[in-house]
$ cat data.pdb   # PDB, C-alpha atoms and all ligand atoms
ATOM      1  CA  MET A   1     -14.271   1.514  19.164
ATOM      2  CA  LEU A   2     -11.289   2.618  21.225
ATOM      3  CA  ASP A   3     -11.475   2.513  25.038
ATOM      4  CA  ALA A   4     -10.946   5.740  26.992
ATOM      5  CA  THR A   5      -7.257   5.118  27.745
ATOM      6  CA  ALA A   6      -6.274   4.442  24.144
ATOM      7  CA  LEU A   7      -8.546   7.245  22.897
ATOM      8  CA  HIS A   8      -6.837   9.705  25.247
ATOM      9  CA  ARG A   9      -3.411   8.654  23.971
ATOM     10  CA  LEU A  10      -4.557   9.072  20.383
ATOM     11  CA  ARG A  11      -6.264  12.399  21.094
ATOM     12  CA  THR A  12      -3.111  13.792  22.732
ATOM     13  CA  ALA A  13      -0.668  12.257  20.238
ATOM     14  CA  ARG A  14       1.612  14.719  18.452
ATOM     15  CA  ARG A  15       2.995  12.324  15.863
ATOM     16  CA  VAL A  16       0.749   9.708  14.288
ATOM     17  CA  VAL A  17       1.749   7.263  11.544
ATOM     18  CA  ALA A  18      -0.526   5.016   9.471
ATOM     19  CA  LEU A  19       0.710   2.050   7.420
ATOM     20  CA  THR A  20      -1.839   0.791   4.910
ATOM     21  CA  GLY A  21      -2.078  -2.324   2.794
ATOM     22  CA  ALA A  22      -4.360  -3.659   0.097
ATOM     23  CA  GLY A  23      -7.215  -4.100   2.591
ATOM     24  CA  ILE A  24      -7.965  -0.369   2.685
ATOM     25  CA  SER A  25      -8.713  -0.472  -1.051
ATOM     26  CA  ALA A  26     -10.892  -3.601  -0.833
ATOM     27  CA  GLU A  27     -14.043  -1.491  -0.300
ATOM     28  CA  SER A  28     -13.140   0.445  -3.448
ATOM     29  CA  GLY A  29     -13.468  -2.813  -5.379
ATOM     30  CA  VAL A  30      -9.723  -3.385  -5.783
ATOM     31  CA  PRO A  31      -8.943  -7.048  -4.976
ATOM     32  CA  THR A  32      -6.427  -7.442  -2.161
ATOM     33  CA  PHE A  33      -3.051  -8.876  -2.998
ATOM     34  CA  ARG A  34      -3.863 -12.243  -1.476
ATOM     35  CA  ASP A  35      -7.442 -12.482  -2.694
ATOM     36  CA  ALA A  36      -7.749 -15.355  -5.098
ATOM     37  CA  GLN A  37      -7.185 -13.990  -8.557
ATOM     38  CA  THR A  38     -10.112 -14.062 -10.971
ATOM     39  CA  GLY A  39     -10.814 -14.460 -14.662
ATOM     40  CA  LEU A  40      -7.798 -14.517 -16.921
ATOM     41  CA  TRP A  41      -5.495 -14.459 -13.902
ATOM     42  CA  ALA A  42      -7.234 -17.140 -11.827
ATOM     43  CA  LYS A  43      -4.467 -19.674 -12.435
ATOM     44  CA  TYR A  44      -1.693 -17.344 -11.217
ATOM     45  CA  ARG A  45      -0.804 -16.187  -7.710
ATOM     46  CA  ALA A  46       0.011 -12.470  -7.468
ATOM     47  CA  GLU A  47       3.300 -13.190  -5.726
ATOM     48  CA  GLU A  48       4.327 -15.309  -8.735
ATOM     49  CA  LEU A  49       3.610 -12.568 -11.254
ATOM     50  CA  ALA A  50       5.030  -9.634  -9.227
ATOM     51  CA  THR A  51       8.680 -10.645  -9.754
ATOM     52  CA  PRO A  52      11.391  -9.630 -12.268
ATOM     53  CA  GLU A  53      11.865 -13.303 -13.098
ATOM     54  CA  ALA A  54       8.212 -13.757 -14.077
ATOM     55  CA  PHE A  55       8.391 -10.585 -16.172
ATOM     56  CA  LEU A  56      11.572 -11.600 -18.025
ATOM     57  CA  GLU A  57      10.188 -15.092 -18.608
ATOM     58  CA  ASN A  58       6.938 -13.778 -20.072
ATOM     59  CA  PRO A  59       6.970  -9.979 -20.428
ATOM     60  CA  ARG A  60       3.673  -9.784 -22.275
ATOM     61  CA  LEU A  61       1.803 -11.850 -19.675
ATOM     62  CA  VAL A  62       3.051  -9.769 -16.720
ATOM     63  CA  TRP A  63       2.623  -6.503 -18.647
ATOM     64  CA  ASN A  64      -1.023  -7.466 -19.436
ATOM     65  CA  TRP A  65      -1.647  -8.264 -15.763
ATOM     66  CA  TYR A  66      -0.612  -4.703 -14.909
ATOM     67  CA  VAL A  67      -2.672  -3.258 -17.795
ATOM     68  CA  TRP A  68      -5.685  -5.072 -16.303
ATOM     69  CA  ARG A  69      -4.890  -3.863 -12.762
ATOM     70  CA  ARG A  70      -4.255  -0.304 -14.006
ATOM     71  CA  GLN A  71      -7.708  -0.224 -15.569
ATOM     72  CA  LEU A  72      -9.240  -1.636 -12.375
ATOM     73  CA  THR A  73      -7.547   0.924 -10.131
ATOM     74  CA  ALA A  74      -8.231   3.811 -12.536
ATOM     75  CA  GLN A  75     -11.966   3.023 -12.317
ATOM     76  CA  ALA A  76     -11.903   2.602  -8.530
ATOM     77  CA  GLN A  77     -12.904   5.453  -6.235
ATOM     78  CA  PRO A  78     -11.440   6.254  -2.806
ATOM     79  CA  ASN A  79     -13.701   4.905  -0.042
ATOM     80  CA  PRO A  80     -14.564   6.313   3.435
ATOM     81  CA  GLY A  81     -11.443   4.653   4.830
ATOM     82  CA  HIS A  82      -9.181   6.643   2.478
ATOM     83  CA  LEU A  83     -11.214   9.792   3.162
ATOM     84  CA  ALA A  84     -10.981   9.387   6.941
ATOM     85  CA  LEU A  85      -7.180   9.302   6.691
ATOM     86  CA  VAL A  86      -7.294  12.623   4.830
ATOM     87  CA  GLN A  87      -9.033  14.074   7.905
ATOM     88  CA  PHE A  88      -6.411  12.467  10.167
ATOM     89  CA  GLN A  89      -3.823  14.537   8.288
ATOM     90  CA  GLU A  90      -5.618  17.725   9.472
ATOM     91  CA  ARG A  91      -6.236  16.432  12.997
ATOM     92  CA  PHE A  92      -2.667  15.855  14.191
ATOM     93  CA  ASP A  93       0.436  18.062  14.407
ATOM     94  CA  SER A  94       2.286  15.439  12.417
ATOM     95  CA  PHE A  95       0.614  12.655  10.428
ATOM     96  CA  THR A  96       2.605  10.376   8.103
ATOM     97  CA  LEU A  97       0.815   8.038   5.691
ATOM     98  CA  ILE A  98       2.873   5.073   4.501
ATOM     99  CA  THR A  99       1.296   2.732   1.967
ATOM    100  CA  GLN A 100       2.237  -0.594   0.434
ATOM    101  CA  ASN A 101      -0.448  -0.048  -2.181
ATOM    102  CA  VAL A 102       0.373   0.935  -5.745
ATOM    103  CA  ASP A 103      -3.178   2.046  -6.657
ATOM    104  CA  GLY A 104      -2.774   5.782  -5.944
ATOM    105  CA  LEU A 105      -6.125   5.927  -4.110
ATOM    106  CA  HIS A 106      -4.755   7.752  -1.055
ATOM    107  CA  ALA A 107      -3.515  10.646  -3.205
ATOM    108  CA  ARG A 108      -6.769  10.675  -5.155
ATOM    109  CA  ALA A 109      -8.662  10.869  -1.839
ATOM    110  CA  GLY A 110      -6.658  14.014  -0.992
ATOM    111  CA  SER A 111      -3.864  12.647   1.237
ATOM    112  CA  ARG A 112      -0.672  14.641   0.746
ATOM    113  CA  ASP A 113       2.929  13.485   0.718
ATOM    114  CA  VAL A 114       2.043   9.778   0.798
ATOM    115  CA  ILE A 115       5.039   7.454   1.170
ATOM    116  CA  GLU A 116       4.552   4.801  -1.558
ATOM    117  CA  LEU A 117       6.882   2.023  -0.416
ATOM    118  CA  HIS A 118       6.090  -0.254  -3.373
ATOM    119  CA  GLY A 119       5.862   2.338  -6.129
ATOM    120  CA  SER A 120       2.932   3.216  -8.350
ATOM    121  CA  ILE A 121       1.048   1.132 -10.929
ATOM    122  CA  ALA A 122       0.322   4.309 -12.903
ATOM    123  CA  THR A 123       3.964   4.824 -13.869
ATOM    124  CA  THR A 124       5.960   2.994 -16.547
ATOM    125  CA  LEU A 125       9.743   2.607 -16.437
ATOM    126  CA  CYS A 126      12.464   1.577 -18.864
ATOM    127  CA  PHE A 127      13.518  -1.831 -17.536
ATOM    128  CA  ASP A 128      17.216  -1.043 -18.044
ATOM    129  CA  GLU A 129      17.440   2.647 -17.117
ATOM    130  CA  ARG A 130      14.644   2.582 -14.458
ATOM    131  CA  THR A 131      13.630   6.024 -15.752
ATOM    132  CA  PRO A 132       9.957   6.979 -16.321
ATOM    133  CA  VAL A 133       8.625   6.601 -19.873
ATOM    134  CA  THR A 134       5.352   8.173 -21.045
ATOM    135  CA  ASP A 135       5.672   8.223 -24.825
ATOM    136  CA  PHE A 136       5.371   4.558 -25.787
ATOM    137  CA  VAL A 137       3.122   2.518 -28.079
ATOM    138  CA  ASP A 138       1.458  -0.692 -26.873
ATOM    139  CA  ASP A 139       0.426  -2.660 -29.968
ATOM    140  CA  GLY A 140      -1.053  -5.409 -27.795
ATOM    141  CA  GLN A 141       1.333  -7.975 -29.270
ATOM    142  CA  THR A 142       4.936  -7.604 -28.283
ATOM    143  CA  SER A 143       5.918  -5.990 -24.994
ATOM    144  CA  PRO A 144       6.232  -2.214 -25.301
ATOM    145  CA  ARG A 145       9.809  -1.002 -25.745
ATOM    146  CA  CYS A 146      11.638   2.052 -24.427
ATOM    147  CA  PRO A 147      11.637   4.686 -27.221
ATOM    148  CA  ARG A 148      15.098   5.807 -26.060
ATOM    149  CA  CYS A 149      17.064   2.578 -25.759
ATOM    150  CA  GLY A 150      14.761  -0.208 -26.963
ATOM    151  CA  ALA A 151      14.728  -2.081 -23.631
ATOM    152  CA  LEU A 152      11.507  -3.606 -22.332
ATOM    153  CA  LEU A 153       9.091  -1.338 -20.441
ATOM    154  CA  ARG A 154       7.879  -2.338 -16.958
ATOM    155  CA  PRO A 155       5.415  -0.972 -14.400
ATOM    156  CA  GLY A 156       6.866   1.448 -11.810
ATOM    157  CA  VAL A 157       6.256  -0.928  -8.895
ATOM    158  CA  VAL A 158       8.673  -2.763  -6.555
ATOM    159  CA  TRP A 159       8.628  -6.496  -7.301
ATOM    160  CA  PHE A 160       9.463  -9.270  -4.847
ATOM    161  CA  GLY A 161      13.234  -9.598  -4.568
ATOM    162  CA  GLU A 162      13.703  -5.914  -5.497
ATOM    163  CA  SER A 163      14.821  -3.263  -3.053
ATOM    164  CA  LEU A 164      12.392  -0.582  -1.963
ATOM    165  CA  PRO A 165      13.089   3.043  -2.974
ATOM    166  CA  PRO A 166      15.757   4.003  -0.378
ATOM    167  CA  ALA A 167      14.438   7.515   0.306
ATOM    168  CA  ALA A 168      10.863   6.298   0.830
ATOM    169  CA  LEU A 169      11.967   3.472   3.112
ATOM    170  CA  GLN A 170      14.209   5.797   5.146
ATOM    171  CA  ARG A 171      11.388   8.319   5.603
ATOM    172  CA  ALA A 172       9.032   5.520   6.646
ATOM    173  CA  GLU A 173      11.529   4.069   9.148
ATOM    174  CA  GLN A 174      12.196   7.491  10.672
ATOM    175  CA  ALA A 175       8.475   8.201  11.027
ATOM    176  CA  ALA A 176       7.825   4.781  12.599
ATOM    177  CA  ALA A 177      10.723   5.235  15.045
ATOM    178  CA  SER A 178       9.506   8.599  16.306
ATOM    179  CA  CYS A 179       5.712   8.398  16.466
ATOM    180  CA  ASP A 180       3.358   8.377  19.464
ATOM    181  CA  VAL A 181       0.722   6.202  17.760
ATOM    182  CA  MET A 182       1.068   3.767  14.828
ATOM    183  CA  LEU A 183      -2.006   2.485  12.976
ATOM    184  CA  SER A 184      -1.539  -0.661  10.858
ATOM    185  CA  ILE A 185      -4.512  -0.762   8.501
ATOM    186  CA  GLY A 186      -5.600  -3.441   6.029
ATOM    187  CA  THR A 187      -2.371  -5.363   5.734
ATOM    188  CA  SER A 188      -1.675  -9.058   6.248
ATOM    189  CA  SER A 189       1.658  -7.985   7.793
ATOM    190  CA  LEU A 190       3.521 -10.586   5.719
ATOM    191  CA  VAL A 191       5.615  -8.524   3.307
ATOM    192  CA  GLN A 192       8.970  -7.227   4.501
ATOM    193  CA  PRO A 193      10.386  -4.718   5.175
ATOM    194  CA  ALA A 194       6.994  -2.887   5.392
ATOM    195  CA  ALA A 195       5.617  -5.380   7.913
ATOM    196  CA  GLY A 196       8.439  -4.536  10.314
ATOM    197  CA  LEU A 197       7.513  -0.858  10.599
ATOM    198  CA  PRO A 198       4.691  -1.245  13.175
ATOM    199  CA  LEU A 199       7.066  -3.255  15.378
ATOM    200  CA  VAL A 200       9.692  -0.500  15.125
ATOM    201  CA  ALA A 201       7.069   1.941  16.433
ATOM    202  CA  LYS A 202       5.972  -0.429  19.184
ATOM    203  CA  ARG A 203       9.562  -0.991  20.340
ATOM    204  CA  ARG A 204       9.991   2.790  20.600
ATOM    205  CA  GLY A 205       6.957   3.034  22.905
ATOM    206  CA  ALA A 206       4.235   3.983  20.436
ATOM    207  CA  LEU A 207       0.665   2.834  20.946
ATOM    208  CA  LEU A 208       0.086   0.224  18.202
ATOM    209  CA  ILE A 209      -3.451  -0.050  16.813
ATOM    210  CA  GLU A 210      -4.347  -2.654  14.137
ATOM    211  CA  VAL A 211      -7.387  -2.192  11.878
ATOM    212  CA  ASN A 212      -8.276  -5.432  10.086
ATOM    213  CA  PRO A 213     -11.326  -7.735   9.945
ATOM    214  CA  SER A 214      -9.011 -10.736  10.384
ATOM    215  CA  PRO A 215      -6.086 -11.574  12.679
ATOM    216  CA  THR A 216      -2.544 -11.201  11.272
ATOM    217  CA  PRO A 217       0.968 -11.992  12.597
ATOM    218  CA  LEU A 218       0.944  -8.422  13.985
ATOM    219  CA  THR A 219      -2.217  -8.944  16.054
ATOM    220  CA  PRO A 220      -0.470 -10.439  19.127
ATOM    221  CA  HIS A 221       1.809  -7.365  19.262
ATOM    222  CA  ALA A 222      -0.940  -4.763  18.856
ATOM    223  CA  ASP A 223      -2.067  -2.768  21.916
ATOM    224  CA  ARG A 224      -5.550  -2.455  20.443
ATOM    225  CA  VAL A 225      -7.206  -4.312  17.570
ATOM    226  CA  LEU A 226     -10.197  -2.730  15.810
ATOM    227  CA  SER A 227     -11.683  -5.726  14.000
ATOM    228  CA  GLY A 228     -13.637  -4.572  11.012
ATOM    229  CA  PRO A 229     -13.436  -3.079   7.547
ATOM    230  CA  ALA A 230     -11.374   0.107   7.348
ATOM    231  CA  GLY A 231     -14.194   1.886   5.508
ATOM    232  CA  GLN A 232     -16.304   1.599   8.668
ATOM    233  CA  VAL A 233     -13.703   1.571  11.464
ATOM    234  CA  LEU A 234     -11.734   4.658  10.387
ATOM    235  CA  PRO A 235     -14.735   7.034  10.075
ATOM    236  CA  GLN A 236     -15.927   5.770  13.488
ATOM    237  CA  LEU A 237     -12.478   6.415  14.950
ATOM    238  CA  LEU A 238     -12.495   9.905  13.446
ATOM    239  CA  ARG A 239     -15.899  10.598  15.035
ATOM    240  CA  GLN A 240     -14.576   9.320  18.364
ATOM    241  CA  LEU A 241     -11.679  11.721  17.980
ATOM    242  CA  GLY A 242     -14.163  14.511  17.557
ATOM    243  CA  GLY A 243     -13.136  15.053  13.965
ATOM    244  CA  THR A 244     -15.585  16.040  11.245
ATOM    245  CA  ASP A 245     -18.208  13.392  10.654
ATOM    246  CA  LEU A 246     -17.861  11.677   7.293
ATOM    247  CA  GLY A 247     -21.378  10.298   7.543
TER     248      GLY A 247
HETATM  249  C1  LIG B   1      13.100  -6.374  -0.265
HETATM  250  C2  LIG B   1       4.111  -4.163  -5.614
HETATM  251  C3  LIG B   1      15.447  -6.438  -0.161
HETATM  252  C4  LIG B   1       3.879  -5.057  -6.779
HETATM  253  C5  LIG B   1       4.522  -5.596  -3.681
HETATM  254  C6  LIG B   1      12.463 -10.905   5.284
HETATM  255  C7  LIG B   1      11.806 -12.048   5.646
HETATM  256  C8  LIG B   1      11.092 -12.807   4.719
HETATM  257  C9  LIG B   1      11.033 -12.404   3.379
HETATM  258  C10 LIG B   1      11.697 -11.271   3.029
HETATM  259  C11 LIG B   1      12.392 -10.512   3.953
HETATM  260  N1  LIG B   1      12.938  -9.445   3.317
HETATM  261  C12 LIG B   1      12.598  -9.499   2.010
HETATM  262  C13 LIG B   1      11.844 -10.607   1.813
HETATM  263  C14 LIG B   1      11.281 -11.072   0.554
HETATM  264  C15 LIG B   1       9.968 -10.362   0.248
HETATM  265  C16 LIG B   1       8.871 -10.730   1.215
HETATM  266  O1  LIG B   1       8.583 -10.013   2.145
HETATM  267  N2  LIG B   1       8.239 -11.852   0.950
HETATM  268  C17 LIG B   1       7.124 -12.273   1.782
HETATM  269  C18 LIG B   1       5.979 -12.736   0.885
HETATM  270  C19 LIG B   1       7.598 -13.330   2.717
HETATM  271  N3  LIG B   1      10.152  -8.931   0.252
HETATM  272  C20 LIG B   1      10.688  -8.330  -0.813
HETATM  273  O2  LIG B   1      11.096  -8.942  -1.786
HETATM  274  C21 LIG B   1      10.776  -6.819  -0.779
HETATM  275  N4  LIG B   1      12.097  -6.430  -1.163
HETATM  276  O3  LIG B   1      12.966  -6.644   0.887
HETATM  277  O4  LIG B   1      14.313  -5.980  -0.823
HETATM  278  C22 LIG B   1      15.733  -7.764  -0.808
HETATM  279  C23 LIG B   1      16.328  -7.759  -2.043
HETATM  280  C24 LIG B   1      16.639  -8.992  -2.632
HETATM  281  C25 LIG B   1      16.305 -10.203  -2.002
HETATM  282  C26 LIG B   1      15.640 -10.180  -0.762
HETATM  283  C27 LIG B   1      15.358  -8.959  -0.167
HETATM  284  C28 LIG B   1       9.836  -6.198  -1.797
HETATM  285  C29 LIG B   1       8.414  -6.399  -1.385
HETATM  286  C30 LIG B   1       7.500  -5.592  -2.302
HETATM  287  C31 LIG B   1       6.738  -6.526  -3.215
HETATM  288  N5  LIG B   1       5.767  -5.747  -4.004
HETATM  289  N6  LIG B   1       3.677  -4.851  -4.394
HETATM  290  C32 LIG B   1       2.425  -5.152  -7.119
HETATM  291  O5  LIG B   1       1.563  -4.646  -6.376
HETATM  292  O6  LIG B   1       2.150  -5.766  -8.172
HETATM  293  S1  LIG B   1       3.975  -6.311  -2.267
HETATM  294  C33 LIG B   1       2.308  -6.559  -2.286
HETATM  295  O7  LIG B   1       2.022  -7.130  -1.020
HETATM  296  C34 LIG B   1       1.432  -5.332  -2.361
HETATM  297  O8  LIG B   1       2.132  -4.111  -2.351
HETATM  298  C35 LIG B   1       0.628  -5.427  -1.068
HETATM  299  O9  LIG B   1       0.213  -4.212  -0.598
HETATM  300  C36 LIG B   1       1.671  -6.031  -0.217
HETATM  301  C37 LIG B   1       1.346  -6.513   1.123
HETATM  302  O10 LIG B   1       0.148  -7.202   1.070
HETATM  303  P1  LIG B   1      -1.082  -6.510   1.813
HETATM  304  O11 LIG B   1      -1.137  -5.090   1.419
HETATM  305  O12 LIG B   1      -0.968  -6.809   3.255
HETATM  306  O13 LIG B   1      -2.292  -7.228   1.142
HETATM  307  P2  LIG B   1      -2.806  -8.693   1.460
HETATM  308  O14 LIG B   1      -3.692  -9.074   0.333
HETATM  309  O15 LIG B   1      -1.660  -9.574   1.833
HETATM  310  O16 LIG B   1      -3.673  -8.520   2.800
HETATM  311  C38 LIG B   1      -4.831  -7.735   2.781
HETATM  312  C39 LIG B   1      -5.240  -7.554   4.225
HETATM  313  O17 LIG B   1      -6.360  -6.696   4.249
HETATM  314  C40 LIG B   1      -5.657  -8.852   4.905
HETATM  315  O18 LIG B   1      -5.075  -8.906   6.193
HETATM  316  C41 LIG B   1      -7.182  -8.709   5.025
HETATM  317  O19 LIG B   1      -7.670  -9.320   6.214
HETATM  318  C42 LIG B   1      -7.332  -7.215   5.117
HETATM  319  N7  LIG B   1      -8.610  -6.680   4.659
HETATM  320  C43 LIG B   1      -9.451  -7.188   3.720
HETATM  321  N8  LIG B   1     -10.518  -6.350   3.583
HETATM  322  C44 LIG B   1     -10.310  -5.304   4.425
HETATM  323  C45 LIG B   1      -9.105  -5.507   5.105
HETATM  324  N9  LIG B   1      -8.627  -4.643   6.016
HETATM  325  C46 LIG B   1      -9.362  -3.543   6.270
HETATM  326  N10 LIG B   1     -10.531  -3.274   5.646
HETATM  327  C47 LIG B   1     -11.043  -4.125   4.726
HETATM  328  N11 LIG B   1     -12.212  -3.850   4.116
END
$ encode --input "data.pdb" --output "structure tokens"
Amino acid sequence: MLDATALHRLRTARRVVALTGAGISAESGVPTFRDAQTGLWAKYRAEELATPEAFLENPRLVWNWYVWRRQLTAQAQPNPGHLALVQFQERFDSFTLITQNVDGLHARAGSRDVIELHGSIATTLCFDERTPVTDFVDDGQTSPRCPRCGALLRPGVVWFGESLPPAALQRAEQAAASCDVMLSIGTSSLVQPAAGLPLVAKRRGALLIEVNPSPTPLTPHADRVLSGPAGQVLPQLLRQLGGTDLG
């Protein structure tokens, strides 16, 4: 729970920003990015598969990993952590939600105008043109091809070594640089440039609150650390704020 000083700063904040990572979807049954992979994928590390090199070396393998993850995320439901952030959006004059997640669960929970720094697993792009493709056939054998130009199809996510969508990153940096309170929720704070955003906020004088059951490289810089699962901590924080009780 927040102490009175921090609670007062949050209660009176005009601009609040939240950065989320895979941890906020853990209670929806979506494995975090650094959880050990299971089943078919147990012998691979996510960071090894989420690269253009891995895809070009074995398009079908990487494509199938995303087909598996798409099915997993499509079956997942937003949890009380996602739902609490929807209420945060109503509670503050300005609330910006920035996510590293590609699972779409914030939008499905009802959050509006989410900044998806790493893209969306639900979209498919032509590898060459980087344009969205919806009308394609996946025969389960070869990698699906772009019906327009015949290039390989890829998931609409940002892989390691690829630049983030410039407009999304610029919006996120501007929000971080001008907020009164920054919440870093469910992220190991390892992946750049997302992991730098809470420090941008802190340097500009924002109150920095970390929500995570485990310490991260951000922990020493946080003004307050709420150690626990987001699905419990965020509804509690909302109740402390005097928001509607999510039960
Ligand atoms: C780029 C999409 C320019 C794909 C992802 C500077 C320094 C060092 C390295 C770099 C740097 N700049 C760039 C790099 C390289 C690289 C990078 O950061 N590498 C790291 C590993 C060192 N960055 C990039 O390549 C980025 N591109 O900067 O472009 C450029 C261009 C060319 C060459 C160089 C640079 C692109 C990064 C985007 C990669 N794509 N995802 C996909 O999903 O398949 S990143 C991937 O990691 C996911 O998006 C994930 O969200 C993200 C971050 O991980 P987390 O979300 O934090 O998840 P994680 O599993 O790590 O942690 C979960 C946390 O939750 C834990 O702390 C756990 O304790 C906590 N938790 C668990 N349960 C709960 C919980 N918390 C709350 N409640 C719970 N219940």
$ residues_near_ligand --input "data.pdb" --ligand "ligand LIG 1 (chain B)" --cutoff "8 Å" --atoms "only C-alpha atoms and all ligand atoms" --output "VMD selection string"
chain A and resid 20 to 27 31 to 35 46 to 47 49 to 51 66 99 to 102 117 to 121 157 to 164 185 to 195 211 to 216 228 to 231
$ atom_distance --input "data.pdb" --atom1 "CA of Cys146 (chain A)" --atom2 "CA of Asp113 (chain A)"
29.0 Å
$ closest_residue --input "data.pdb" --among "A:Glu53, A:Ala74, A:Gly196, A:Gln170" --to "His221 (chain A)" --atoms "all atoms listed in the file"
A:Gly196
$ resolve_selection --input "data.pdb" --expression "the PyMOL selection byres (((chain A and resi 70) around 12) and not hetatm)" --output "PyMOL selection string"
chain A and resi 30+63-69+71-76+102-105+120-124+155-157
$ atom_distance --input "data.pdb" --atom1 "CA of Trp41 (chain A)" --atom2 "CA of Glu57 (chain A)"
16.4 Å
$ residues_around --input "data.pdb" --residues "region 133-138 of chain A" --least-positions-apart "2" --cutoff "10 Å" --atoms "all atoms listed in the file" --output "list in words"
Thr123, Thr124, Leu125, Cys126, Arg130, Thr131, Gly140, Gln141, Thr142, Ser143, Pro144, Arg145, Cys146, Pro147, Arg148, Leu153, Arg154, Pro155 and Gly156 of chain A
$ write_last_selection --input "data.pdb" --atoms "C-alpha atoms" --output "short mmCIF file (atom, residue, chain, number, x, y, z; two decimals), in the frame of the given file"
data_model
loop_
_atom_site.label_atom_id
_atom_site.label_comp_id
_atom_site.auth_asym_id
_atom_site.auth_seq_id
_atom_site.Cartn_x
_atom_site.Cartn_y
_atom_site.Cartn_z
CA THR A 123 3.96 4.82 -13.87
CA THR A 124 5.96 2.99 -16.55
CA LEU A 125 9.74 2.61 -16.44
CA CYS A 126 12.46 1.58 -18.86
CA ARG A 130 14.64 2.58 -14.46
CA THR A 131 13.63 6.02 -15.75
CA GLY A 140 -1.05 -5.41 -27.80
CA GLN A 141 1.33 -7.98 -29.27
CA THR A 142 4.94 -7.60 -28.28
CA SER A 143 5.92 -5.99 -24.99
CA PRO A 144 6.23 -2.21 -25.30
CA ARG A 145 9.81 -1.00 -25.74
CA CYS A 146 11.64 2.05 -24.43
CA PRO A 147 11.64 4.69 -27.22
CA ARG A 148 15.10 5.81 -26.06
CA LEU A 153 9.09 -1.34 -20.44
CA ARG A 154 7.88 -2.34 -16.96
CA PRO A 155 5.42 -0.97 -14.40
CA GLY A 156 6.87 1.45 -11.81
#
$ residues_around --input "data.pdb" --residues "Phe95 (chain A)" --least-positions-apart "6" --cutoff "9 Å" --atoms "all atoms listed in the file" --output "ChimeraX atom specification"
/A:14-18,88-89,179
$ residues_around --input "data.pdb" --residues "Gly110 (chain A)" --least-positions-apart "4" --cutoff "8 Å" --atoms "only C-alpha atoms" --output "list in words"
Leu83, Val86 and His106 of chain A
$ atom_distance --input "data.pdb" --atom1 "CA of Asp180 (chain A)" --atom2 "CA of Asn79 (chain A)"
26.1 Å
